Amino acid sequence: MELYRSHVLVCEGTGCHCSGSADVIQKLKEELEKHQLENEIKIVSTGCFGLCEIGPIVIVYPEGAFYSGVKSDDVPEIVSEHLLKGRIVKRLLYHDHVTEAGIAKSLDEVEFYKKQMRVTLRNCGVINPEKIEEYIAFDGYRALGKVLTEMTPVEVVEIMKASGLRGRGGAGFPTGRKWEFAHNAPGDKKYVCCNADEGDPGAFMDRSILEGDPHSVLEAMAIAGYAIGADQGYIYVRAEYPIAVKRLTIAVAQARNLGLLGKNIFSTGFNFDIELRLGAGAFVCGEETALMSSIEGSRGEPRPRPPFPALKGVFGKPTLLNNVETYANIPQIILKGPEWFASIGTEKSKGTKVFALGGKINNTGLVEIAMGTTLREIVYDIGGGIPGGKKFKAAQTGGPSGGCISAENLDMPIDYDSLTEIGSMMGSGGLIVMDEDNCMVDIARFFLEFTVDESCGKCPPCRIGTKRMLEILERITQGKGKEGDLENLETLAKNIKASALCGLGQTAPNPVLSTLRYFRDEYNAHVYDKKCPAGVCHALLQYTIVKDLCTGCTLCARECPVGAISGERKQPFTIDQDKCIKCGVCFEKCRFNAIEKK
Amino acid sequence: METVKVMVDGVQVEVPKGSTILDAAKIAGIDIPTLCFLKGINEIGACRICLVEVEGTRALQASCVYPVSDGMVVRTNTPAVREARRVNLELILSNHDRKCLTCVRNQNCELQDLAERFHVKDIRFEGESIHYPVDDLSPSIVRDANKCILCRRCVAVCASQGVGVIGPVDRGFRTIIEPIFNRSINNVPCINCGQCILACPVGAIREKDDVEKVWTALQDPNLHVVVQTAPAVRVALGEEFGMEMGTRVTGKMAAALRRLGFDKVFDTNFSADLTIMEEGTELLGRIKNGGKLPLITSCSPGWIKFCEQFYPDFLDNISTCKSPQQMLGALLKSYYVEKNGLDPAKVFVVSVMPCTAKKFEAQRPELSSTGYPDVDVVLTTRELGRMIKEAGLDFPNLPDEEFDPTLGESTGAAVIFGATGGVMEAALRTVAEIVTGKPLDDIEIKAVRGIEGVKEAEIQLGDLLVRAAVAHGTGNAKALLEKVKSGEKEYHFIEVMACPGGCVTGGGQPIVKAKKRMDRDPREVRAAAIYDEDRDKPLRKSHENPEVKKLYEEYLQEPNSHKAHELLHTHYVARQKY
C-alpha cells in the first residue's frame with residue numbers, strides 16, 4: 001500500500017461539480033505532476049460535505065484545512081504554498097473556519113458542523129465513493145457479514161424494530177414493521193426496492209448519499225433481502241441524477257466483483273443482486289405504487305392500497321421499499337446496535353434526519369441533525385441565520401406535501417409527530433427558510449403549481465381539484481380574489497386530502513392549509529384589501545415616487561419600459577398608475593430610494 | 001366458501017372472502033355510486049365517487065376495489081363521505097363539456113345519472129377546460145376528448161381486447177386519452193370493434209353516425225333502397241325503447257323498417273345460412289385435401305382486422321368467405337337485381353348491424369365484386385333506434401311482420417350467429433349431416449355456448465374427430481392463437497368473434513350502464529333470447545333453408561362454385577400496425 005504524506009479531498013458531489021470541481025481536480029493533477037508531488041500527495045474525489053453553496057470545497061489533510069469556493073486558478077497557490085511549503089492559504093479558508101487569531105479550526109468546531117450528527121452522511125466527503133475498498137476500510141460490508149453469519153432473518157427484523165427507525169421518505173412508517181410485513185408475506189419470489197426518486201423541490205440528501213456513499217445503500221438492501229427472503233433488488237433512481245447513477249453503477253459492479261452481491265455471498269448460500277431502474281422525472285414515481293408500476297415498465301401511476309406492496313408489489317410479488325436515507329442508517333444500526341440508534345432522537349422519532357437547508361439562510365446546504373433539534377438551532381446555529389439580518393417568518397418543510405412552521409414554533413423540537421401536529425410534515429427533508437419579504441400566499445401558489453404540474457392525472461381530486469385550487473390562488477395573487485374564494489379553497493383542500501388516490505394528492509393541499517392556518521391575515525389582505533403585505537405579488541403592488549427623496553435625475557423615466565414615468569428635470573417625477581406594468585425596474589434603478597413599493 | 005362478517009352502516013352482512021366493500025354494501029341494501037368501475041375490466045379506484053369511510057383508515061377509501069376483512073366497519077353515508085363524493089363529482093363536471101341536450105348519450109349517461117342522484121344544482125369550482133378537436137376520421141368510431149372524464153374504462157377494455165391503442169397521454173390536468181403520438185384512431189391498429197363505446201359512461205366515444213345518409217337515400221326516388229338486419233339486432237333493438245333486456249323484436253323490427261320507407265326488408269340470417277354452406281364446404285375441402293388448418297371463421301370484421309395486423313401468419317387460415325353482410329350485399333347487387341330487372345347502380349343496400357367494425361368492412365375496396373360496393377351504408381342497432389324514434393314509430397306496439405322473400409328466409413342455425421359459439425354450432429349441425437348423412441343426435445351443442453373466454457368441443461363425425469375451439473373477444477383469440485402457434489393446441493376449426501360475448505354485445509348494440517351490467521350480463525341475457533329464437537324456428541339447419549337451396553339451383557350451382565367464389569369469397573392482406 002502506498003503511503004502519502006498528504007490527502008487532498010475534493011468534493012465531486014453535484015453541487016461542487018456544477019461550480020467546477022472537475023476543473024479543480026484536473027488542475028491539481030497537473031500541478032502535482034509539475035512539482036513531482038504525485039507520489040507524495042493523493043487526490044481523493046469525495047461526495048458532499050454539505051456546504052454546497054460555497055463549493056467547490058477542498059480539504060487538505062493532515063492539517064484539515066477547509067478551503068471553499070476554490071477555482072482552478074487557486075490551485076497553483078494551494079499546491080505551491082500549502083502542499084509544497086506547508087503554509088495554509090488563509091484567504092481560501094471557509095470564513096467560519098478561521099479563529100480570530102487566524103488559525104484554522106478543527107471542522108468539529110465550525111458552527112455549521114458543531115451541532116450536526118452525521119450518521120447517514122458519515123462517509124460523504126470522507127471516502128472516494130468510486131472505490132469499494134475505501135468503503136470497506138470504514139467498516140463497509142461488515143454489517144452484511146455479521147447479519148449473514150451470525151443472525152437469522154427474524155433477528156434482523158427484530159433489530160430493525162428495536163431501533164425505532166422510521167421511513168425517511170416522508171410518511172415516517174416504522175421501518176421494522178415494514179420489514180416484518182414483507183418477511184411474513186408468503187411467496188417464493190420477493191423484491192427489495194430502493195426509492196431514489198427524490199423529487200421535492202430543494203431536497204437532495206438522497207442524491208448526496210448515492211453520490212458520496214453508494215455502498216451503504218447496496219449493503220443495506222442486501223441486509224433487507226436477507227431479512228425478508230428476497231434475492232433481487234431494484235434501485236429506482238431518477239435519470240436526472242447522472243453522477244449518482246454513474247457511482248451506483250460502479251458500486252454495483254465492484255460489489256459483484258468482490259462477491260458482495262450475486263450468488264453465495266460470504267459463502268453463506270445467500271444470493272442477492274441489484275439492478276438500477278432509471279426514472280424519467282415524474283414526481284409521482286416517488287409514490288411507492290407508482291414507482292413499482294414504473295419499475296414494471298408501465299406508466300408511473302399509483303394504484304389503490306390494499307393490497308400493500310409488502311403483499312403484492314413489483315410484478316405482483318411481496319416487495320419491500322425503503323428510501324435511500326433510510327437504508328443508509330441500516331449498516332450502522334447493525335454494527336452499533338439498535339440501542340445506540342434508539343438513544344438518539346426523541347421518544348417516537350429515533351436517529352438523525354438530513355435536511356436540505358435553502359431559502360433565506362446563510363449556510364445553504366445539507367445538514368444532518370439528531371431528531372429533536374429545534375428549528376432555531378438549525379436556522380441560527382447551523383444555518384448561520386438569515387442574510388441581511390432580516391426577520392424569520394416561517395420555514396417550509398416537507399416540500400409540496402408539507403407546510404409551514406411559523407416563528408411561534410421556532411423552539412419546538414423537530415420530529416415526525418411534532419411537525420404533523422402543526423400541519424406540516426417531515427417529508428424527505430427539504431427545509432426552506434422564509435423571511436419577511438416572502439409572501440405566504442405566493443409560496444402556497446408556488447408549491448401548488450408544482451403539484452398541479454406533477455399530478456399523474458388519474459384521480460379527479462388531484463387532477464382537477466388541485467388545478468382549481470391553483471386557479472383560485474392565481475386569482476388571489478393577481479388581485480382578483482373574491483368573497484368565497486378562501487372558503488372554496490378550504491372546501492377543496494379538505495376534500496382533496498380526504499379523497500385523493502395517493503399520498504401525492506392527499507398531501508397536495510397542505511401548503512395551502514398550513515399557510516391559511518398561520519397566515520390567514522395575509523390571505524385576507526390579498527382578497528379583501530387587494531394588498532400583498534410582503535410586496536411580492538406584482539399585481540397588488542403600487543410603485544410611487546416619494547417627492548422628498550426624488551432628485552429628478554430622470555434615470556427611472558429613461559429605464560421605464562412603458563414610459564409611465566414623467567417629470568421635469570431636477571423636479572420630483574411621477575408615475576402614471578394606468579400605464580405602470582409594475583415591473584419594478586424603477587425601484588431597482590433609483591439611487592435615492594425615492595421609489596416606494598407597497 | 002369462506003366468508004367474512006362486515007358491518008355496513010350498522011347492518012351486519014356476511015359476504016364471501018375477497019368481496020369488495022361495494023359488493024358487501026349491495027348485500028346490505030346500499031347502492032354505492034360508481035363511475036370508473038366496470039366489473040372485471042376496469043377496477044382501478046380512480047374516479048373517487050364510490051368513497052366510503054372504513055374504520056381504522058385515515059383517508060376515504062374506494063369501495064369498488066377495497067377488499068373486506070372480518071370485523072370491518074364501513075360507513076357509506078356520513079357527511080364527510082357525501083361531501084367528498086359531491087366535490088369530486090362537481091370537479092369532474094367542472095371539466096366536462098356539459099352540452100347534454102345535444103349529446104348522443106343524453107339520458108343514457110352515467111355522469112348525468114350521478115348529477116341527478118347528487119342533486120347537483122350549482123358547480124362551485126368552475127375553471128379552465130382544455131378544448132380538443134374531435135377525432136372523426138375513422139369510419140367506425142368518433143372520439144370527443146372534451147366529454148372524456150378519464151375514467152379509463154375504454155383504455156382497459158381496449159387493452160383486454162389485446163389491441164391497446166388508446167391510453168393516457170401527458171399528465172395532470174393535461175391528461176388525455178388518445179392513441180400514440182396524437183394520432184387519429186383511424187391511423188393506429190384499432191380494430192373498430194367499438195367495445196370502447198360500450199364501456200364509455202359518457203358521450204366521449206360514439207359510433208360514426210350514418211343516419212343522414214340513409215334518410216337521404218330513402219328520399220331519393222331514383223334509388224331502390226333495401227335493408228338487411230344481422231341476427232343479434234333483433235334481441236337488442238327493443239332496449240332502445242325501454243323494453244326488457246333480451247326481448248325479441250324480430251317482427252316489430254321488420255315492420256319498423258318497412259314503415260321507415262325501405263323498399264325491401266331482407267335478413268342477414270339468410271346469408272348466415274349461406275355462409276354455413278360455403279364455409280362448411282371449405283372446411284371439409286381443406287380437411288380432405290390437406291389444406292391449411294385450422295380453418296378460422298371470417299364473419300367478424302373486427303377479428304379480421306386484428307388478424308391482418310397482429311397475426312398475419314394466420315391469414316391463410318381464415319376462411320375466404322365474406323361475412324354474411326357482404327355476401328348478402330353482393331347477392332343483392334347481382335342475383336336480386338338480375339331477378340327483378342333492376343339497375344345495380346340504383347340499388348342502395350343498407351345493413352343494420354350490432355357492430356361498428358362493419359362500417360369499416362363495408363368500405364373495403366375489395367368487397368365490391370359486382371363493381372359496386374356490396375353494402376352502401378352500415379347502421380348500428382343504436383342508429384336504427386334513433387331513426388325509429390325520429391320517425392315517431394311506437395315501436396313496442398308495432399305489429400309483427402315478416403322479412404321479404406327471396407333473401408329473407410332463414411333457419412335457427414343462422415340466428416345463433418349472434419352469440420359466441422353460434423357459427424361453430426351452426427356449421428357443425430350442417431357438416432355433421434354432410435359427412436355422416438344423418439343429423440346429430442342433439443343439434444344443440446352446449447359445449448360451445450356460454451361466456452367462457454375460450455371454449456372447446458370434439459365432435460365425432462364418422463371416422464373424423466373434429467376438434468373445434470371458440471374464442472370471443474380478441475384478447476381471448478390472441479391467447480388461443482398463441483397456443484396454436486406454439487403447437488400446444490391443434491384444431492380443425494376455430495370460431496373467433498372480436499367482441500366479448502359475440503355479436504349480441506357488439507360495439508353497435510344498445511349501451512348497458514355499468515351498474516346494470518353488474519346485475520344482468522347482457523352477453524348471457526341476449527344470448528338466451530338468441531337461443532330461444534333458434535328453438536322457435538321450424539327449420540334449424542342451414543342446408544335446409546329453401547331459399548338458399550333455390551339460390552344454388554337458380555344461380556350459384558353449388559357451394560364454392562366459380563360463381564360463388566366470385567361473389568361470396570374474398571382475400572386478406574397483412575396490414576402495417578403503424
# chains A, B, ... in the order shown; residues from 1 in each chain; ligands from 1

call {"tool": "select_by_dssp", "arguments": {"residues": "stretch 451-547 of chain A", "states": "helix (DSSP H, G or I)", "output": "count of residues only"}}
result
63

call {"tool": "residues_around", "arguments": {"residues": "stretch 405-421 of chain A", "least_positions_apart": "5", "cutoff": "7 Å", "atoms": "only C-alpha atoms", "output": "PyMOL selection string"}}
result
chain A and resi 172+349+371-376+392-396+426+518

call {"tool": "closest_atom_pairs", "arguments": {"of": "stretch 229-267 of chain A", "to": "stretch 194-218 of chain A", "cutoff": "9 Å", "atoms": "only C-alpha atoms", "output": "tab-separated table"}}
result
residue	atom	partner	partner_atom	distance
A:Gly233	CA	A:Cys194	CA	7.7
A:Tyr234	CA	A:Cys194	CA	6.2
A:Ile235	CA	A:Cys194	CA	4.6
A:Tyr236	CA	A:Ala196	CA	5.4
A:Val237	CA	A:Ala196	CA	4.5
A:Arg238	CA	A:Asp197	CA	5.2
A:Ala239	CA	A:Asp197	CA	8.9
A:Tyr241	CA	A:Arg207	CA	7.0
A:Ile243	CA	A:Glu211	CA	6.4
A:Ala244	CA	A:Glu211	CA	4.7
A:Val245	CA	A:Leu210	CA	8.0
A:Lys246	CA	A:Glu211	CA	8.5
A:Arg247	CA	A:Glu211	CA	6.2
A:Leu248	CA	A:Pro214	CA	5.8
A:Ala251	CA	A:His215	CA	6.2
A:Val252	CA	A:Leu218	CA	7.5
A:Ala255	CA	A:His215	CA	8.1
A:Leu261	CA	A:Leu218	CA	8.5

call {"tool": "write_last_selection", "arguments": {"atoms": "N, CA and C atoms", "output": "CSV table (one decimal), in the first residue's frame"}}
result
chain,number,residue,atom,x,y,z
A,233,GLY,N,-32.9,-7.0,-6.0
A,233,GLY,CA,-33.2,-5.6,-5.6
A,233,GLY,C,-33.3,-4.7,-6.8
A,234,TYR,N,-34.1,-3.7,-6.7
A,234,TYR,CA,-34.1,-2.6,-7.7
A,234,TYR,C,-33.9,-1.3,-7.0
A,235,ILE,N,-33.0,-0.5,-7.7
A,235,ILE,CA,-32.9,0.9,-7.2
A,235,ILE,C,-33.6,1.8,-8.3
A,236,TYR,N,-34.6,2.4,-7.9
A,236,TYR,CA,-35.3,3.3,-8.8
A,236,TYR,C,-34.7,4.7,-8.6
A,237,VAL,N,-33.9,5.1,-9.5
A,237,VAL,CA,-33.2,6.4,-9.4
A,237,VAL,C,-33.5,7.3,-10.6
A,238,ARG,N,-33.6,8.6,-10.3
A,238,ARG,CA,-34.0,9.5,-11.4
A,238,ARG,C,-32.8,9.6,-12.3
A,239,ALA,N,-33.2,9.7,-13.6
A,239,ALA,CA,-32.2,9.9,-14.6
A,239,ALA,C,-31.5,11.2,-14.5
A,241,TYR,N,-30.1,12.4,-12.1
A,241,TYR,CA,-29.0,12.3,-11.1
A,241,TYR,C,-27.9,11.5,-11.8
A,243,ILE,N,-24.7,11.7,-11.8
A,243,ILE,CA,-23.5,11.3,-11.1
A,243,ILE,C,-23.8,10.2,-10.1
A,244,ALA,N,-25.0,10.3,-9.5
A,244,ALA,CA,-25.5,9.2,-8.6
A,244,ALA,C,-25.6,7.9,-9.4
A,245,VAL,N,-26.2,8.0,-10.6
A,245,VAL,CA,-26.4,6.8,-11.4
A,245,VAL,C,-25.0,6.2,-11.8
A,246,LYS,N,-24.1,7.0,-12.1
A,246,LYS,CA,-22.7,6.6,-12.5
A,246,LYS,C,-22.1,5.9,-11.3
A,247,ARG,N,-22.1,6.5,-10.1
A,247,ARG,CA,-21.5,5.9,-9.0
A,247,ARG,C,-22.2,4.6,-8.5
A,248,LEU,N,-23.5,4.6,-8.6
A,248,LEU,CA,-24.2,3.4,-8.3
A,248,LEU,C,-23.8,2.2,-9.2
A,251,ALA,N,-20.5,1.1,-8.2
A,251,ALA,CA,-20.6,0.4,-6.9
A,251,ALA,C,-21.2,-1.0,-7.1
A,252,VAL,N,-22.2,-1.1,-7.9
A,252,VAL,CA,-22.8,-2.5,-8.1
A,252,VAL,C,-21.8,-3.4,-8.7
A,255,ALA,N,-19.1,-4.4,-6.2
A,255,ALA,CA,-19.6,-5.3,-5.2
A,255,ALA,C,-19.8,-6.7,-5.8
A,261,LEU,N,-22.2,-8.9,-3.9
A,261,LEU,CA,-23.6,-9.0,-4.5
A,261,LEU,C,-23.4,-10.2,-5.4

call {"tool": "closest_atom_pairs", "arguments": {"of": "chain B", "to": "chain A", "cutoff": "8 Å", "atoms": "only C-alpha atoms", "output": "JSON lines"}}
result
{"residue": "B:Ile44", "atom": "CA", "partner": "A:Arg303", "partner_atom": "CA", "distance": 6.7}
{"residue": "B:Gly45", "atom": "CA", "partner": "A:Pro304", "partner_atom": "CA", "distance": 6.4}
{"residue": "B:Ala46", "atom": "CA", "partner": "A:Cys459", "partner_atom": "CA", "distance": 4.9}
{"residue": "B:Cys47", "atom": "CA", "partner": "A:Cys459", "partner_atom": "CA", "distance": 5.4}
{"residue": "B:Arg48", "atom": "CA", "partner": "A:Ser499", "partner_atom": "CA", "distance": 6.5}
{"residue": "B:Leu51", "atom": "CA", "partner": "A:Ser499", "partner_atom": "CA", "distance": 7.3}
{"residue": "B:Ala59", "atom": "CA", "partner": "A:Ala498", "partner_atom": "CA", "distance": 4.8}
{"residue": "B:Leu60", "atom": "CA", "partner": "A:Ser499", "partner_atom": "CA", "distance": 5.5}
{"residue": "B:Gln61", "atom": "CA", "partner": "A:Ser499", "partner_atom": "CA", "distance": 7.4}
{"residue": "B:Ala62", "atom": "CA", "partner": "A:Pro304", "partner_atom": "CA", "distance": 7.9}
{"residue": "B:Val65", "atom": "CA", "partner": "A:Pro304", "partner_atom": "CA", "distance": 7.6}
{"residue": "B:Tyr66", "atom": "CA", "partner": "A:Pro306", "partner_atom": "CA", "distance": 6.8}
{"residue": "B:Pro67", "atom": "CA", "partner": "A:Pro306", "partner_atom": "CA", "distance": 7.5}
{"residue": "B:Glu83", "atom": "CA", "partner": "A:Asn495", "partner_atom": "CA", "distance": 7.5}
{"residue": "B:Ala84", "atom": "CA", "partner": "A:Asn495", "partner_atom": "CA", "distance": 5.3}
{"residue": "B:Val87", "atom": "CA", "partner": "A:Asn495", "partner_atom": "CA", "distance": 7.1}
{"residue": "B:Asn88", "atom": "CA", "partner": "A:Pro461", "partner_atom": "CA", "distance": 5.9}
{"residue": "B:Leu91", "atom": "CA", "partner": "A:Ile464", "partner_atom": "CA", "distance": 6.1}
{"residue": "B:Ile92", "atom": "CA", "partner": "A:Pro460", "partner_atom": "CA", "distance": 6.4}
{"residue": "B:Asn95", "atom": "CA", "partner": "A:Ile464", "partner_atom": "CA", "distance": 7.5}
{"residue": "B:Arg124", "atom": "CA", "partner": "A:Asn488", "partner_atom": "CA", "distance": 7.7}
{"residue": "B:Phe125", "atom": "CA", "partner": "A:Arg468", "partner_atom": "CA", "distance": 6.5}
{"residue": "B:Glu126", "atom": "CA", "partner": "A:Arg468", "partner_atom": "CA", "distance": 7.5}
{"residue": "B:Gly127", "atom": "CA", "partner": "A:Arg468", "partner_atom": "CA", "distance": 6.3}
{"residue": "B:Leu150", "atom": "CA", "partner": "A:Lys458", "partner_atom": "CA", "distance": 7.4}
{"residue": "B:Arg171", "atom": "CA", "partner": "A:Cys456", "partner_atom": "CA", "distance": 4.9}
{"residue": "B:Gly172", "atom": "CA", "partner": "A:Gly457", "partner_atom": "CA", "distance": 3.8}
{"residue": "B:Phe173", "atom": "CA", "partner": "A:Arg463", "partner_atom": "CA", "distance": 5.1}
{"residue": "B:Arg174", "atom": "CA", "partner": "A:Gly457", "partner_atom": "CA", "distance": 7.7}
{"residue": "B:Thr175", "atom": "CA", "partner": "A:Gly457", "partner_atom": "CA", "distance": 5.8}

call {"tool": "write_last_selection", "arguments": {"atoms": "C-alpha atoms", "output": "short mmCIF file (atom, residue, chain, number, x, y, z; two decimals), in the first residue's frame"}}
result
data_model
loop_
_atom_site.label_atom_id
_atom_site.label_comp_id
_atom_site.auth_asym_id
_atom_site.auth_seq_id
_atom_site.Cartn_x
_atom_site.Cartn_y
_atom_site.Cartn_z
CA ILE B 44 -58.74 0.89 -10.58
CA GLY B 45 -60.46 3.03 -7.95
CA ALA B 46 -59.67 6.18 -9.91
CA CYS B 47 -62.81 8.32 -10.00
CA ARG B 48 -63.23 8.65 -6.22
CA LEU B 51 -65.67 6.63 -1.48
CA ALA B 59 -58.45 8.78 4.23
CA LEU B 60 -61.65 7.78 2.48
CA GLN B 61 -61.43 4.54 0.53
CA ALA B 62 -62.64 3.50 -2.91
CA VAL B 65 -61.62 -2.09 -5.02
CA TYR B 66 -61.29 -2.23 -1.25
CA PRO B 67 -61.38 -5.85 -0.07
CA GLU B 83 -69.25 15.94 0.69
CA ALA B 84 -66.21 14.22 -0.81
CA VAL B 87 -66.95 17.72 -4.52
CA ASN B 88 -65.36 15.11 -6.75
CA LEU B 91 -64.86 18.74 -10.13
CA ILE B 92 -65.49 16.19 -12.88
CA ASN B 95 -64.09 19.92 -16.60
CA ARG B 124 -68.78 25.68 -7.18
CA PHE B 125 -65.44 25.04 -8.80
CA GLU B 126 -65.69 26.23 -12.36
CA GLY B 127 -62.41 26.86 -14.15
CA LEU B 150 -60.71 10.00 -17.84
CA ARG B 171 -50.28 14.06 -17.13
CA GLY B 172 -52.18 16.03 -14.52
CA PHE B 173 -54.80 18.40 -15.83
CA ARG B 174 -53.48 17.91 -19.36
CA THR B 175 -54.04 14.16 -19.28
#

call {"tool": "residues_around", "arguments": {"residues": "B:Gly453", "least_positions_apart": "4", "cutoff": "12 Å", "atoms": "only C-alpha atoms", "output": "PDB file with C-alpha atoms, in the first residue's frame"}}
result
ATOM      1  CA  SER B 160     -58.331  -6.530 -22.643  1.00  0.00           C
ATOM      2  CA  GLN B 161     -59.086  -6.884 -26.330  1.00  0.00           C
ATOM      3  CA  THR B 420     -70.440 -16.588 -29.324  1.00  0.00           C
ATOM      4  CA  GLY B 421     -70.148 -20.190 -30.468  1.00  0.00           C
ATOM      5  CA  VAL B 448     -69.593 -24.087 -27.485  1.00  0.00           C
ATOM      6  CA  ARG B 449     -72.221 -21.901 -25.799  1.00  0.00           C
ATOM      7  CA  ALA B 469     -62.461 -24.101 -30.486  1.00  0.00           C
ATOM      8  CA  VAL B 470     -64.377 -20.889 -29.971  1.00  0.00           C
ATOM      9  CA  ALA B 471     -62.888 -17.605 -28.787  1.00  0.00           C
ATOM     10  CA  HIS B 472     -64.745 -14.374 -28.249  1.00  0.00           C
ATOM     11  CA  GLY B 473     -63.004 -11.104 -27.544  1.00  0.00           C
ATOM     12  CA  THR B 474     -59.773 -10.640 -29.456  1.00  0.00           C
ATOM     13  CA  GLY B 475     -57.885 -10.872 -26.175  1.00  0.00           C
ATOM     14  CA  ASN B 476     -59.075 -14.456 -25.841  1.00  0.00           C
ATOM     15  CA  ALA B 477     -58.428 -15.063 -29.526  1.00  0.00           C
ATOM     16  CA  LYS B 478     -54.870 -13.891 -29.023  1.00  0.00           C
ATOM     17  CA  ALA B 479     -54.351 -16.356 -26.179  1.00  0.00           C
ATOM     18  CA  LEU B 480     -55.827 -19.151 -28.294  1.00  0.00           C
ATOM     19  CA  GLU B 495     -64.592 -19.543 -34.429  1.00  0.00           C
ATOM     20  CA  VAL B 496     -63.448 -16.080 -33.456  1.00  0.00           C
ATOM     21  CA  MET B 497     -65.690 -13.135 -32.693  1.00  0.00           C
ATOM     22  CA  ALA B 498     -63.975  -9.852 -31.953  1.00  0.00           C
ATOM     23  CA  CYS B 499     -66.431  -8.819 -29.270  1.00  0.00           C
ATOM     24  CA  PRO B 500     -66.683 -10.470 -25.877  1.00  0.00           C
ATOM     25  CA  GLY B 501     -69.975 -12.376 -25.945  1.00  0.00           C
ATOM     26  CA  GLY B 502     -70.120 -12.280 -29.740  1.00  0.00           C
ATOM     27  CA  ARG B 523     -73.906 -11.367 -23.029  1.00  0.00           C
TER      28      ARG B 523
END

call {"tool": "select_by_dssp", "arguments": {"residues": "stretch 244-425 of chain A", "states": "strand (DSSP E)", "output": "MDAnalysis selection string"}}
result
chainID A and resid 262:265 270:279 319:323 352:359 365:370 392:397 403:406

call {"tool": "residues_around", "arguments": {"residues": "stretch 426-441 of chain B", "least_positions_apart": "4", "cutoff": "7 Å", "atoms": "only C-alpha atoms", "output": "PyMOL selection string"}}
result
chain B and resi 276+280+413-414+422+461-462+541-543

call {"tool": "closest_residue", "arguments": {"among": "B:Pro399, B:Pro324, B:Gly56, B:Pro201", "to": "B:Gln228", "atoms": "only C-alpha atoms"}}
result
B:Pro324
